[in-house]
Structure formats: structure tokens, C-alpha cells
Amino acid sequence: MNFADIFADLDREDLRLTMYGSTNADVERALQQPAGDIKALMALLSPAAEPYLEIMAQQAMELTRRRFGHNISLFIPMYLSNLCANECDYCGFTMSNKIKRKILNADEIQQEIDIIKGWGFDSILLVSGEHESKVGVEYFADVLPQIKQHFSHLAIEVQPLATDEYQRLAHLGLDAVMLYQETYHPVTYAKHHTRGKKQNFQYRLNSPDRLGRAGIDKIGLGVLLGLDDWRLDALLLGHHLAYLEHHYWRSKYSLSLPRLRPCTGGIEPNSPISDKGLVQVICAFRLFNEQLEISLSTRESERFRDNLLPMGITHMSAGSSTQPGGYASPDSQLDQFEISDERSVVEVTEAIKNRGYTAVFKDWQASWKSSAI
């Protein structure tokens with residue numbers, strides 16, 4: 001069984017009508033015992049929950065403190081390439097964009113590593129455009145050993161791979177994979193993905209199953225809020241999360257909830273989500289799952305990111321560049337999307353401290369994993 005089998009039995013229109021028909025009583029009932037209850041998640045994501053946002057935020061804050069303390073884990077993305085064989089109209093890397101393309105070589109990667117380590121990071125997220133032939137598993141297998149020797153925690157956000165390919169990379173030091181569905185609406189998905197392997201909605205939908213079977217330590221899920229009805233996309237993301245945790249319980253799970261941001265040749269959101277809406281989604285997921293890691297990227301403004309710290313956030317990026325080689329040689333023509341929070345790592349760390357939290361650069365050691373096996 002894959003999640004696609006579960007997804008096929010979900011009646012999208014029925015879920016939408018039920019969610020938008022939620023009442024105050026449904027929300028109040030959900031607030032009593034929200035953990036692991038998909039019906040409670042539905043109510044907490046509904047318009048009826050908006051007047052209860054302060055209560056949700058207080059509960060989310062308490063749950064996050066109880067599980068994660070006053071710690072915010074910091075990570076940084078390192079873009080390996082902006083080469084892409086897909087046509088996605090919301091992404092600056094889309095193949096039809098007339099931008100300079102680049103794949104980092106070993107020397108360029110080392111330059112990025114030296115800068116990133118100088119800032120204190122020990123958790124890194126490797127990102128690339130989706131180009132199987134030139135930036136595929138062979139490329140990743142070549143560069144992972146070089147990078148892993150410098151970082152205790154290594155994650156990737158690249159094209160979907162096969163189970164055995166994930167296993168191969170795990171043996172080379174891969175700890176986590178972030179793989180986002182973008183939207184759970186097949187029609188909307190087809191509208192925005194018009195060329196390349198990413199057109200295959202079903203294959204992407206089943207990719208986290210392959211991660212689970214490969215025994216990847218942490219699986220990251222997410223949607224691009226704004227492509228379609230954000231409430232319904234978030235609810236279906238909850239269904240996906242619940243399924244994966246049930247079937248692949250040895251893995252940890254994280255969520256990323258990025259909003260559609262401007263980029264070269266990009267589009268406007270079909271279903272804009274406000275700041276208040278994003279707070280609602282974050283709090284709803286924290287109440288639904290106390291163990292869940294929730295990350296917040298530099299897509300959001302510095303003030304908004306600072307204010308969201310207590311609401312359920314556990315991981316943040318800082319000092320980010322969305323271009324290959326962007327730390328050693330910045331070039332705005334290579335960006336994937338516009339960054340909103342442009343503060344330095346020191347400034348972000350200081351802001352976290354001023355809010356009463358501790359910025360954590362390292363909370364993982366490779367030997368812990370090997371000794372536990």
C-alpha cells in the first residue's frame with residue numbers, strides 16, 4: 001500500500017464542505033483532545049476556528065515548550081545547482097527561465113562549506129533543481145561524503161528518488177529528506193507543472209513511502225501555501241502525515257509551510273494566505289502532533305518570524321542564500337525565490353535570544369544513530 005491508495009478514497013469535495021461547515025462547537029470539541037485526531041485538525045483549520053486563534057496559540061506554545069523546551073534549531077540551505085528539467089510556473093529555476101545555470105564542483109562546494117562552518121552551522125540542507133541526468137543520484141553520491149565530514153546533520157531537498165537510491169545516500173551520511181507535494185489538488189498540480197518528471201502527481205505523492213521504506217531517519221513534508229485552497233491542502237497534508245507515522249513509525253517527521261513568494265517569471269497566489277492564516281495552520285498542526293518538527297524559512301519577514309517563535313516553531317533557517325554558490329559569490333540572477341528575512345546569522349541568533357530562546361546549532365551526532373542500531 002502507498003498513500004496514493006488512501007488518497008484515492010478521500011472525497012475532496014466532501015472534506016471541503018465538512019471543513020467549511022465546521023461550527024464553534026466543533027472547534028471547542030477539537031480543542032479538548034486534538035492530538036492525533038484528523039477531525040479535530042479539520043475543525044482547527046476551518047474558518048470557524050479563527051475566533052479561537054488566541055486559545056490555539058496558548059495551547060501550541062505550551063505543547064512546544066513541553067516537548068522542545070526553549071530551543072530553536074538553526075540550519076542553512078546550500079544550493080548545489082539551479083539546473084532543472086521541469087516547468088513549474090512558481091519557481092525561479094523553471095527550465096524556460098532565461099537565467100544563468102550552474103552546478104557546483106568540489107572546490108566551489110568547499111568554499112561554501114568554509115563560509116557556512118565559519119558561521120557556526122552544523123546542520124545543512126542541500127538543495128538543487130530537479131535534473132536527473134546532470135544533477136542526479138551519482139552527483140549526490142559524489143558530493144555527500146565531502147559535505148558530511150563537516151556537518152553532523154545532513155538533509156537534502158532534491159527530486160524524488162528510488163528506494164534503493166535513498167538507501168545508498170543514507171549509507172553515505174544522509175540523515176533527512178525534505179520532499180514537498182506543493183499541492184494535493186491534482187488539477188491544480190497539473191496546471192502548475194507542465195513539463196518534466198514533476199508532472200507525475202502520483203509518483204511524487206508516493207515518494208515519502210519510498211523514504212519510509214528506505215529507513216530515512218527524518219522525513220520532511222510540506223505544501224506551497226497559495227497554489228490552491230490552503231485550508232484543504234493543509235488538511236490533506238495532515239492525512240498524509242498521519243498515514244506515514246502509522247506505517248513508518250521509526251522515522252521522525254517535520255513540516256515546512258512556505259507561502260508562495262515572488263521569483264523570476266513567477267505567478268500570483270491563487271489562494272492567498274494571510275499572516276493570521278499561517279499562524280492558524282502552524283498552531284493547528286502543533287495541537288494535532290506534539291512531536292512534530294515545524295520549520296520556518298527566510299521567505300517570511302524578520303518581524304513575523306520573530307513573533308512566530310513561541311507558536312510551535314522548532315527549526316529556522318538563517319543567513320540563507322537561494323542560489324548555487326551564493327555564500328562565496330552572490331549573484332541575484334541565480335536565485336530560486338526572493339528572501340524576505342535578510343538578517344545575518346548573528347542578527348537572527350540575537351533575535352532568538354532576545355525572545356527568551358536558545359539558538360541551537362548542533363543537536364545531533366552521527367555516532368548516536370550508529371550506536372542505536
# chains A, B, ... in the order shown; residues from 1 in each chain; ligands from 1
call {"tool": "residues_around", "arguments": {"residues": "range 236-250 of chain A", "least_positions_apart": "5", "cutoff": "7 Å", "atoms": "only C-alpha atoms", "output": "list in words"}}
result
Phe3, Tyr184 and Gly212 of chain A
call {"tool": "write_last_selection", "arguments": {"atoms": "N, CA, C and O atoms", "output": "compact mmCIF listing (two decimals), in the first residue's frame"}}
result
# COMPACT_ATOMS: atom_id res chain seq x y z
N PHE A 3 0.45 5.82 -0.04
CA PHE A 3 -0.53 6.84 0.34
C PHE A 3 -1.49 7.14 -0.79
O PHE A 3 -2.65 7.52 -0.54
N TYR A 184 -2.09 19.30 -3.03
CA TYR A 184 -2.74 17.99 -3.09
C TYR A 184 -3.93 17.99 -4.04
O TYR A 184 -4.69 17.03 -4.06
N GLY A 212 10.21 6.16 3.65
CA GLY A 212 9.95 5.33 4.81
C GLY A 212 10.53 3.94 4.65
O GLY A 212 11.15 3.39 5.57
call {"tool": "closest_atom_pairs", "arguments": {"of": "range 24-127 of chain A", "to": "range 131-139 of chain A", "cutoff": "7 Å", "atoms": "only C-alpha atoms", "output": "tab-separated table"}}
result
residue	atom	partner	partner_atom	distance
A:Leu83	CA	A:His131	CA	6.2
A:Cys84	CA	A:His131	CA	4.8
A:Ala85	CA	A:His131	CA	5.1
call {"tool": "write_last_selection", "arguments": {"atoms": "C-alpha atoms", "output": "short mmCIF file (atom, residue, chain, number, x, y, z; two decimals), in the first residue's frame"}}
result
data_model
loop_
_atom_site.label_atom_id
_atom_site.label_comp_id
_atom_site.auth_asym_id
_atom_site.auth_seq_id
_atom_site.Cartn_x
_atom_site.Cartn_y
_atom_site.Cartn_z
CA LEU A 83 19.68 23.34 -13.32
CA CYS A 84 16.15 21.97 -13.75
CA ALA A 85 14.33 19.79 -16.28
#
call {"tool": "select_by_dssp", "arguments": {"residues": "range 21-189 of chain A", "states": "helix (DSSP H, G or I)", "output": "ChimeraX atom specification"}}
result
/A:24-32,38-45,47-68,106-118,137-148,163-171,186-189
call {"tool": "closest_residue", "arguments": {"among": "A:Asp37, A:Glu290, A:Glu130, A:Asp9", "to": "Met61 in chain A", "atoms": "only C-alpha atoms"}}
result
A:Glu290
call {"tool": "atom_distance", "arguments": {"atom1": "CA of Tyr357 in chain A", "atom2": "CA of Glu300 in chain A"}}
result
19.0 Å
call {"tool": "closest_atom_pairs", "arguments": {"of": "range 107-140 of chain A", "to": "range 322-326 of chain A", "cutoff": "9 Å", "atoms": "only C-alpha atoms", "output": "JSON lines"}}
result
{"residue": "A:Glu108", "atom": "CA", "partner": "A:Gly325", "partner_atom": "CA", "distance": 6.7}
{"residue": "A:Ile109", "atom": "CA", "partner": "A:Gly325", "partner_atom": "CA", "distance": 7.4}
{"residue": "A:Gln111", "atom": "CA", "partner": "A:Gly325", "partner_atom": "CA", "distance": 8.2}
{"residue": "A:Glu112", "atom": "CA", "partner": "A:Gly325", "partner_atom": "CA", "distance": 6.5}
{"residue": "A:Val127", "atom": "CA", "partner": "A:Thr322", "partner_atom": "CA", "distance": 8.7}
{"residue": "A:Ser128", "atom": "CA", "partner": "A:Pro324", "partner_atom": "CA", "distance": 8.2}
call {"tool": "select_by_dssp", "arguments": {"residues": "range 18-201 of chain A", "states": "strand (DSSP E)", "output": "JSON, numbers by chain"}}
result
{"A": [71, 72, 73, 74, 75, 76, 77, 78, 79, 80, 81, 87, 88, 123, 124, 125, 126, 127, 128, 153, 154, 155, 156, 157, 176, 177, 178, 193, 194, 195]}
call {"tool": "atom_distance", "arguments": {"atom1": "CA of Asn200 in chain A", "atom2": "CA of Arg12 in chain A"}}
result
19.3 Å
call {"tool": "closest_residue", "arguments": {"among": "A:Ser73, A:Met311, A:Lys100, A:Thr194", "to": "Gln280 in chain A", "atoms": "only C-alpha atoms"}}
result
A:Met311
call {"tool": "residues_around", "arguments": {"residues": "Leu278 in chain A", "least_positions_apart": "3", "cutoff": "9 Å", "atoms": "only C-alpha atoms", "output": "ChimeraX atom specification"}}
result
/A:225,257,259,273-275,281-283
call {"tool": "closest_residue", "arguments": {"among": "A:Leu235, A:Gly120, A:Ile55, A:Asp114", "to": "Lys39 in chain A", "atoms": "only C-alpha atoms"}}
result
A:Leu235
call {"tool": "closest_residue", "arguments": {"among": "A:Ala162, A:Asn82, A:Asn289, A:Ser329", "to": "Asn97 in chain A", "atoms": "only C-alpha atoms"}}
result
A:Asn82
call {"tool": "residues_around", "arguments": {"residues": "range 19-36 of chain A", "least_positions_apart": "2", "cutoff": "10 Å", "atoms": "only C-alpha atoms", "output": "PyMOL selection string"}}
result
chain A and resi 13-17+38-52+55-56+59+231-232+235+238+242+284-290
call {"tool": "closest_residue", "arguments": {"among": "A:Arg67, A:Lys353, A:Arg213, A:Lys191", "to": "Asn2 in chain A", "atoms": "only C-alpha atoms"}}
result
A:Arg213
call {"tool": "atom_distance", "arguments": {"atom1": "CA of Thr64 in chain A", "atom2": "CA of Gly312 in chain A"}}
result
5.4 Å
call {"tool": "closest_residue", "arguments": {"among": "A:Gly226, A:Pro186, A:Pro145, A:Gly129", "to": "Gln159 in chain A", "atoms": "only C-alpha atoms"}}
result
A:Gly129
